[in-house]
Structure formats: structure tokens, C-alpha cells
Amino acid sequence: MRLRGLSVRVRLTLWHAGALTVIVCLFAAGIVLFVEKRLYRGLDEQLAGDVASIEKVYREETGDLGELHQRVGMMFEVTEGTTVVYRTPGWPPSGSTPYRVRTAAADGHRIIAARDETAVRQTLRTLLLIVAAGIPTAVGVAFAGGYFLAGRVLAPVGAIADTARRITAESLDARLPVEDRDDEFGRLAGVFNDTLRRLQEAFEQLRRFTADASHELRTPLTAMRSVGEVALQRSLTTTGYRDVIGSMLEEVDRLTRLVESLLTLTRAEAGRIPITRQLIDLGEMAISAADSLRVLAEDKEQTMNIAAERDVQAECDPGILRQGLINLLYNAIKYTPAKGTISIRVSVPRSGEAAIEVSDTGPGIPIDQQGRIFDRFYRVDAGRSREDGGLGLGLPIARWAVEANGGRIELESEQGSGALFRIVLRIAGTPHAPAEV
Ligand code: ADP
């Protein structure tokens with residue numbers, strides 16, 4: 001049967017009504033056959049009784065066959081060879097009246113008895129009539145009921161489709177109606193709603209990111225423009241022009257760093273930065289990263305301590321991990337006031353895990369902001385940080401760098417008492433931790 005092209009409601013109704021019709025027909029046929037068999041068996045039993053009575057009367061000559069006919073009312077004929085011994089009036093039964101006949105022959109005589117089966121046929125006809133009228137009625141009710149029920153059951157689908165059609169990028173906060181969370185449609189709508197929620201979050205993040213990025217790009221451009229405009233309005237000495245060019249180059253520098261960081265993050269998110277893994281000594285890496293920034297710390301007369309356990313090794317991408325560590329160290333130096341202390345420690349705090357800790361004696365990070373400092377463009381004190389050249393991208397990149405290597409970053413800090421960032425990695429050779437059940 002080709003039902004394609006019809007609505008689900010009609011298809012459901014047709015299947016339902018079709019199945020019910022088959023069942024009702026089979027059931028009705030069964031009843032008719034059963035009743036027919038029962039009725040004819042009753043008639044046959046009566047005929048068998050008739051023949052036995054006739055036989056008895058005939059053999060024992062206990063009575064008159066004519067009187068028997070009068071008493072019982074059936075028709076019969078008794079013959080002996082070709083001689084007719086007795087024949088009820090009107091024998092043989094013929095004409096329009098239907099008869100059921102039974103024959104018994106023994107010892108040279110033969111008894112044929114016949115009974116009118118009109119009543120049986122009448123009963124069967126009535127039964128057939130009832131069935132013939134009942135089946136279309138039942139099918140009609142099944143069809144109407146099925147159509148109504150299918151409509152009711154499928155109503156949520158219509159509502160879901162209507163809402164889904166109205167959802168656009170601007171109205172991602174709309175949700176599909178859920179009547180019953182536990183039924184199939186409710187679960188489907190729930191899954192859709194979860195997807196919508198994730199889409200909405202991703203969209204909002206993208207929107208925020210674009211807005212923030214544009215804002216960040218505009219700041220140095222505006223600065224360059226105003227410096228340039230002011231310089232153009234006046235005639236300056238060579239030193240004056242050099243200063244102007246110098247400050248413009250500073251802004252260009254900032255722009256370059258911003259664009260590079262953005263590119264790193266975007267490519268990292270798109271999974272376009274290939275990660276190679278090799279065995280590296282975390283102590284050696286920490287020492288070399290600290291050495292490369294030592295000059296910045298010395299400028300601020302900060303003390304830099306390194307305590308590294310020997311042979312703490314992890315399988316990582318050295319370039320990416322180093323970038324993450326440098327960002328943490330750079331922040332520690334940047335945010336710690338002059339004459340402060342930066343400490344780096346490489347250790348094995350738990351079996352199977354290696355840690356690189358970068359701690360400082362700077363202002364620390366207020367507890368309520370700790371959850372957000374890894375967000376892109378987030379700065380604890382936007383004004384102060386911008387003066388320092390902060391972009392709010394150092395920590396997001398550091399986090400990506402560590403997570404790309406299968407590790408995590410932890411933060412321990414209280415306002416006023418310094419910050420401690422901890423990179424936790426799996427030690428080389430230890431199996432992956434089993435997923436939490
Ligand atoms: P930024 O380029 O502004 O440093 P980051 O993403 O590296 O951006 O850091 C986000 C914010 O976290 C910074 O603006 C700063 O306020 C805060 N922060 C990061 N590291 C430290 C630290 N060691 N001590 C105090 N504050 C820090």
C-alpha cells in the first residue's frame with residue numbers, strides 16, 4: 001500500500017482502521033462459521049434421533065410409523081429393497097423448502113429421514129445481516145475515532161513546527177512548547193530546546209566576541225588617529241615627530257599583538273593548530289621560560305625564584321605549553337608591583353600528576369572575578385590593565401594551551417595576597433584517568 005504523500009494523521013487513521021477492519025472481519029467470519037456449525041450439528045443430532053426412533057418402531061413394531069410421524073413431525077421414508085414400507089405424505093421433500101436429509105441402511109431396509117432447515121437458514125441469514133450491518137459501522141467508528149485520536153496525539157507536533165518556524169537568529173531565546181516532558185514529543189522538544197540553548201549561547205558568545213574585538217581594535221586606531229591629527233596641526237621639531245611616530249608604533253604594536261592573539265584563539269577554537277606530542281622535562285621548560293622573561297622582572301626589581309623537582313616529565317606540545325606558561329609568568333610580572341617576588345615551582349603533588357605553579361606577591365584576584373578572568377577580553381580592572389597594555393586574551397590563550405595538552409589550570413588567590421596559577425598535567429606514562437561514572 002502506498003501511503004506516501006498523505007499526512008501522518010491520515011496514514012495513522014488508515015492503518016488503525018484497516019487493522020481493525022481485518023480483525024472485525026475475521027472475528028465475524030469466525031462467529032458465523034461457529035454458529036452455522038452448531039446449528040447444523042443440532043439438526044443432524046435431531047435427525048439421528050429421528051432415524052433411531054423410526055428404526056426402533058420399524059424393527060420392534062412397537063408402534064405405528066404413521067403415528068410416529070404425527071408425533072414427531074419429521075418426514076421420512078422406509079424401503080425394503082425396492083418396496084416402499086412407509087412414506088410420509090408429501091415424500092420426497094421437494095419444492096422451495098430446504099431439507100436436511102439423513103439415511104440409514106441395514107438388514108435390507110433403508111430409512112431416509114428429512115427435516116426442514118428453514119429455521120436454521122433464517123437464523124444464519126439474520127446473523128449475516130447483523131454482521132454485514134455491524135462491520136461498516138465498526139469501521140466507520142474506528143476511522144472517526146482514529147482520526148480524532150491521531151489529531152489529538154499529533155497536535156504537539158503542529159505546535160512545535162509552528163514555533164520552530166518562527167525561530168530565527170534574532171529569536172534564539174524562543175523555546176518549543178513541552179506539554180509532557182516524559183512522552184516522545186516532550187523528549188523531542190526537550191532535545192530541540194537543548195540544541196537551541198547551546199546555539200543561543202554560542203551566538204551570544206560570538207556576538208560578544210565580535211563586539212569586544214571591534215572595540216579593542218578601535219581603541220589603538222583612534223589613538224593613532226588623534227596623535228596623527230594633533231601632529232599634523234602643528235609644525236614639530238624632529239624630536240617631536242619622532243615622538244609621534246614612536247607612540248604610533250606603540251599602538252601598531254598593540255594592534256599586532258591583538259590581531260595575533262585573536263588569530264591564535266580563533267585558530268585554536270577551530271582546531272586548526274596542530275598539536276604534536278613529545279616527552280618534555282617540565283623543570284627545564286620552566287627554567288627556560290623564566291629566563292626569557294627575567295629581564296622584565298629585573299626591570300621592576302622583582303625577585304624570581306625557581307624550585308623544580310628533577311625528572312618531572314609530561315607528553316606535551318612544547319611550543320604551545322610554553323606559550324601558556326609564558327602568559328602566566330608575564331601576567332605575574334606585569335601585575336606584581338616593583339620589588340615583588342615571582343615564584344615558580346615544578347612538583348608532583350599527586351601520583352600521576354605534575355604541576356607547574358606560578359605565584360606572585362601582587363594584588364591577587366577577587367574571588368567573585370575568578371570565574372571570569374579566563375573569559376576573552378575580561379580584565380579585573382579594565383582601566384588599569386589597559387594602561388599596562390593588557391588585552392584580556394593572555395589567560396584564555398593560556399587555558400587553551402594547557403587544555404590542548406590534556407591538562408587544566410587552577411587558580412588560588414585572595415585579593416591582596418597574591419595569585420597562584422597552577423598548570424596540572426598528566427605525568428608521562430600514566431594512563432588516562434577513567435571517565436567519571
Ligand atoms: P591581560 O592582557 O589584561 O593581562 P589576561 O587574560 O592575561 O589579560 O588576564 C585577565 C585579567 O586577570 C587581567 O586583566 C588581570 O586583571 C587579571 N590577572 C591575571 N593575572 C594576574 C595576576 N598574576 N595577578 C593579578 N591579576 C591578574
# chains A, B, ... in the order shown; residues from 1 in each chain; ligands from 1
$ residues_near_ligand --ligand "ligand 1" --cutoff "6 Å" --atoms "only C-alpha atoms and all ligand atoms" --output "MDAnalysis selection string"
chainID A and resid 331:332 335 362:365 373 378:381 385 390:396 419
$ write_last_selection --atoms "C-alpha atoms" --output "PDB file, in the first residue's frame"
ATOM      1  CA  ASN A 331      50.950  38.377  33.994  1.00  0.00           C
ATOM      2  CA  ALA A 332      52.705  37.670  37.293  1.00  0.00           C
ATOM      3  CA  TYR A 335      50.599  42.736  37.897  1.00  0.00           C
ATOM      4  CA  GLY A 362      50.822  41.043  43.559  1.00  0.00           C
ATOM      5  CA  PRO A 363      47.292  42.321  44.228  1.00  0.00           C
ATOM      6  CA  GLY A 364      45.646  38.931  43.744  1.00  0.00           C
ATOM      7  CA  ILE A 365      42.286  38.364  42.106  1.00  0.00           C
ATOM      8  CA  ILE A 373      39.227  36.052  34.210  1.00  0.00           C
ATOM      9  CA  TYR A 378      37.947  40.114  30.536  1.00  0.00           C
ATOM     10  CA  ARG A 379      40.086  42.307  32.767  1.00  0.00           C
ATOM     11  CA  VAL A 380      39.709  42.676  36.509  1.00  0.00           C
ATOM     12  CA  ASP A 381      40.344  46.374  36.381  1.00  0.00           C
ATOM     13  CA  SER A 385      45.004  46.841  32.764  1.00  0.00           C
ATOM     14  CA  GLY A 390      46.591  44.202  28.704  1.00  0.00           C
ATOM     15  CA  LEU A 391      44.274  42.748  26.087  1.00  0.00           C
ATOM     16  CA  GLY A 392      42.348  40.305  28.228  1.00  0.00           C
ATOM     17  CA  LEU A 393      43.463  37.478  25.953  1.00  0.00           C
ATOM     18  CA  GLY A 394      46.502  36.179  27.835  1.00  0.00           C
ATOM     19  CA  LEU A 395      44.605  33.876  30.210  1.00  0.00           C
ATOM     20  CA  PRO A 396      42.168  32.469  27.611  1.00  0.00           C
ATOM     21  CA  ALA A 419      47.862  34.959  42.911  1.00  0.00           C
TER      22      ALA A 419
END
$ closest_residue --among "A:Leu39, A:Ile31, A:Lys300, A:Thr103" --to "Leu128 (chain A)" --atoms "only C-alpha atoms"
A:Ile31
$ closest_residue --among "A:Pro274, A:Pro89, A:Pro136, A:Gly283" --to "Arg322 (chain A)" --atoms "only C-alpha atoms"
A:Gly283
$ residues_around --residues "Leu258 (chain A)" --least-positions-apart "2" --cutoff "10 Å" --atoms "only C-alpha atoms" --output "list in words"
Ala213, Glu216, Leu217, Val252, Asp253, Arg254, Leu255, Thr256, Glu260, Ser261, Leu262, Leu263, Thr264, Gly390, Leu391, Gly392 and Leu393 of chain A
$ select_by_dssp --residues "region 79-272 of chain A" --states "helix (DSSP H, G or I)" --output "MDAnalysis selection string"
chainID A and resid 118:166 169:171 184:233 238:269
$ closest_residue --among "A:Ala286, A:Ala19, A:Leu149, A:Met224" --to "Val312 (chain A)" --atoms "only C-alpha atoms"
A:Ala286
$ residues_around --residues "Asp173 (chain A)" --least-positions-apart "5" --cutoff "12 Å" --atoms "only C-alpha atoms" --output "number ranges by chain"
A: 163-164, 166-168, 193-201, 203-204
$ write_last_selection --atoms "N, CA and C atoms" --output "mmCIF file, in the first residue's frame"
data_model
loop_
_atom_site.group_PDB
_atom_site.id
_atom_site.type_symbol
_atom_site.label_atom_id
_atom_site.label_comp_id
_atom_site.auth_asym_id
_atom_site.auth_seq_id
_atom_site.Cartn_x
_atom_site.Cartn_y
_atom_site.Cartn_z
ATOM 1 N N THR A 163 6.231 26.900 16.245
ATOM 2 C CA THR A 163 7.218 27.683 16.991
ATOM 3 C C THR A 163 8.567 27.630 16.285
ATOM 4 N N ALA A 164 8.954 26.421 15.844
ATOM 5 C CA ALA A 164 10.276 26.270 15.229
ATOM 6 C C ALA A 164 10.388 27.154 13.985
ATOM 7 N N ARG A 166 9.127 29.983 13.544
ATOM 8 C CA ARG A 166 9.288 31.404 13.891
ATOM 9 C C ARG A 166 10.675 31.732 14.447
ATOM 10 N N ILE A 167 11.464 30.653 14.743
ATOM 11 C CA ILE A 167 12.766 30.907 15.377
ATOM 12 C C ILE A 167 13.788 31.355 14.333
ATOM 13 N N THR A 168 14.417 32.494 14.604
ATOM 14 C CA THR A 168 15.486 32.983 13.720
ATOM 15 C C THR A 168 16.675 33.316 14.598
ATOM 16 N N ASN A 193 15.130 21.983 22.362
ATOM 17 C CA ASN A 193 15.350 23.141 23.233
ATOM 18 C C ASN A 193 16.789 23.198 23.732
ATOM 19 N N ASP A 194 17.344 22.005 24.043
ATOM 20 C CA ASP A 194 18.750 21.986 24.474
ATOM 21 C C ASP A 194 19.646 22.493 23.349
ATOM 22 N N THR A 195 19.352 22.017 22.128
ATOM 23 C CA THR A 195 20.155 22.457 20.984
ATOM 24 C C THR A 195 20.030 23.967 20.811
ATOM 25 N N LEU A 196 18.801 24.460 20.956
ATOM 26 C CA LEU A 196 18.578 25.906 20.816
ATOM 27 C C LEU A 196 19.361 26.682 21.866
ATOM 28 N N ARG A 197 19.337 26.134 23.089
ATOM 29 C CA ARG A 197 20.043 26.821 24.168
ATOM 30 C C ARG A 197 21.536 26.914 23.847
ATOM 31 N N ARG A 198 22.092 25.781 23.359
ATOM 32 C CA ARG A 198 23.526 25.789 23.027
ATOM 33 C C ARG A 198 23.807 26.765 21.887
ATOM 34 N N LEU A 199 22.902 26.755 20.900
ATOM 35 C CA LEU A 199 23.068 27.675 19.767
ATOM 36 C C LEU A 199 23.032 29.117 20.247
ATOM 37 N N GLN A 200 22.066 29.371 21.139
ATOM 38 C CA GLN A 200 21.911 30.731 21.653
ATOM 39 C C GLN A 200 23.179 31.164 22.390
ATOM 40 N N GLU A 201 23.706 30.241 23.219
ATOM 41 C CA GLU A 201 24.925 30.574 23.957
ATOM 42 C C GLU A 201 26.071 30.867 22.988
ATOM 43 N N PHE A 203 25.887 31.788 19.913
ATOM 44 C CA PHE A 203 25.616 33.019 19.181
ATOM 45 C C PHE A 203 25.955 34.233 20.026
ATOM 46 N N GLU A 204 25.523 34.154 21.289
ATOM 47 C CA GLU A 204 25.777 35.302 22.153
ATOM 48 C C GLU A 204 27.263 35.503 22.393
#
$ select_by_dssp --residues "region 226-384 of chain A" --states "strand (DSSP E or B)" --output "number ranges by chain"
A: 278-281, 303-308, 313-316, 341-350, 353-360
$ closest_residue --among "A:Ala404, A:Leu265, A:Leu221, A:Ile367" --to "Asp317 (chain A)" --atoms "only C-alpha atoms"
A:Ala404
$ atom_distance --atom1 "CA of Thr83 (chain A)" --atom2 "CA of Leu65 (chain A)"
15.7 Å
$ residues_around --residues "Ala142 (chain A)" --least-positions-apart "2" --cutoff "8 Å" --atoms "only C-alpha atoms" --output "PyMOL selection string"
chain A and resi 16-17+20+138-140+144-146
$ write_last_selection --atoms "all heavy atoms" --output "PDB file, in the first residue's frame"
ATOM      1  N   HIS A  16      -4.868   2.239  11.354  1.00  0.00           N
ATOM      2  CA  HIS A  16      -5.669   1.846  12.504  1.00  0.00           C
ATOM      3  C   HIS A  16      -6.993   1.249  12.045  1.00  0.00           C
ATOM      4  O   HIS A  16      -7.382   0.148  12.449  1.00  0.00           O
ATOM      5  CB  HIS A  16      -5.876   3.104  13.364  1.00  0.00           C
ATOM      6  CG  HIS A  16      -6.863   2.941  14.451  1.00  0.00           C
ATOM      7  ND1 HIS A  16      -8.060   3.593  14.450  1.00  0.00           N
ATOM      8  CD2 HIS A  16      -6.836   2.191  15.558  1.00  0.00           C
ATOM      9  CE1 HIS A  16      -8.734   3.237  15.528  1.00  0.00           C
ATOM     10  NE2 HIS A  16      -8.005   2.400  16.216  1.00  0.00           N
ATOM     11  N   ALA A  17      -7.684   1.969  11.128  1.00  0.00           N
ATOM     12  CA  ALA A  17      -8.985   1.490  10.661  1.00  0.00           C
ATOM     13  C   ALA A  17      -8.808   0.190   9.870  1.00  0.00           C
ATOM     14  O   ALA A  17      -9.609  -0.745   9.989  1.00  0.00           O
ATOM     15  CB  ALA A  17      -9.647   2.559   9.799  1.00  0.00           C
ATOM     16  N   LEU A  20      -8.207  -2.678  12.218  1.00  0.00           N
ATOM     17  CA  LEU A  20      -9.440  -3.003  12.939  1.00  0.00           C
ATOM     18  C   LEU A  20     -10.440  -3.713  12.030  1.00  0.00           C
ATOM     19  O   LEU A  20     -11.123  -4.651  12.451  1.00  0.00           O
ATOM     20  CB  LEU A  20     -10.044  -1.718  13.497  1.00  0.00           C
ATOM     21  CG  LEU A  20     -10.750  -1.996  14.804  1.00  0.00           C
ATOM     22  CD1 LEU A  20      -9.734  -1.971  15.926  1.00  0.00           C
ATOM     23  CD2 LEU A  20     -11.854  -0.988  15.066  1.00  0.00           C
ATOM     24  N   ALA A 138     -18.675  -0.456  12.580  1.00  0.00           N
ATOM     25  CA  ALA A 138     -17.469  -0.531  13.411  1.00  0.00           C
ATOM     26  C   ALA A 138     -16.307   0.165  12.707  1.00  0.00           C
ATOM     27  O   ALA A 138     -15.535   0.917  13.329  1.00  0.00           O
ATOM     28  CB  ALA A 138     -17.118  -1.991  13.686  1.00  0.00           C
ATOM     29  N   VAL A 139     -16.179  -0.072  11.386  1.00  0.00           N
ATOM     30  CA  VAL A 139     -15.081   0.531  10.635  1.00  0.00           C
ATOM     31  C   VAL A 139     -15.228   2.063  10.634  1.00  0.00           C
ATOM     32  O   VAL A 139     -14.252   2.796  10.830  1.00  0.00           O
ATOM     33  CB  VAL A 139     -15.040  -0.015   9.196  1.00  0.00           C
ATOM     34  CG1 VAL A 139     -14.071   0.783   8.341  1.00  0.00           C
ATOM     35  CG2 VAL A 139     -14.626  -1.477   9.215  1.00  0.00           C
ATOM     36  N   GLY A 140     -16.461   2.506  10.465  1.00  0.00           N
ATOM     37  CA  GLY A 140     -16.709   3.952  10.467  1.00  0.00           C
ATOM     38  C   GLY A 140     -16.320   4.561  11.791  1.00  0.00           C
ATOM     39  O   GLY A 140     -15.623   5.584  11.850  1.00  0.00           O
ATOM     40  N   ALA A 144     -13.385   7.281  12.409  1.00  0.00           N
ATOM     41  CA  ALA A 144     -13.631   8.601  13.011  1.00  0.00           C
ATOM     42  C   ALA A 144     -12.835   8.732  14.309  1.00  0.00           C
ATOM     43  O   ALA A 144     -12.158   9.744  14.546  1.00  0.00           O
ATOM     44  CB  ALA A 144     -15.114   8.782  13.272  1.00  0.00           C
ATOM     45  N   GLY A 145     -12.886   7.661  15.138  1.00  0.00           N
ATOM     46  CA  GLY A 145     -12.171   7.704  16.421  1.00  0.00           C
ATOM     47  C   GLY A 145     -10.674   7.829  16.187  1.00  0.00           C
ATOM     48  O   GLY A 145      -9.990   8.602  16.858  1.00  0.00           O
ATOM     49  N   GLY A 146     -10.170   7.054  15.237  1.00  0.00           N
ATOM     50  CA  GLY A 146      -8.742   7.079  14.933  1.00  0.00           C
ATOM     51  C   GLY A 146      -8.318   8.454  14.462  1.00  0.00           C
ATOM     52  O   GLY A 146      -7.275   8.970  14.879  1.00  0.00           O
TER      53      GLY A 146
END
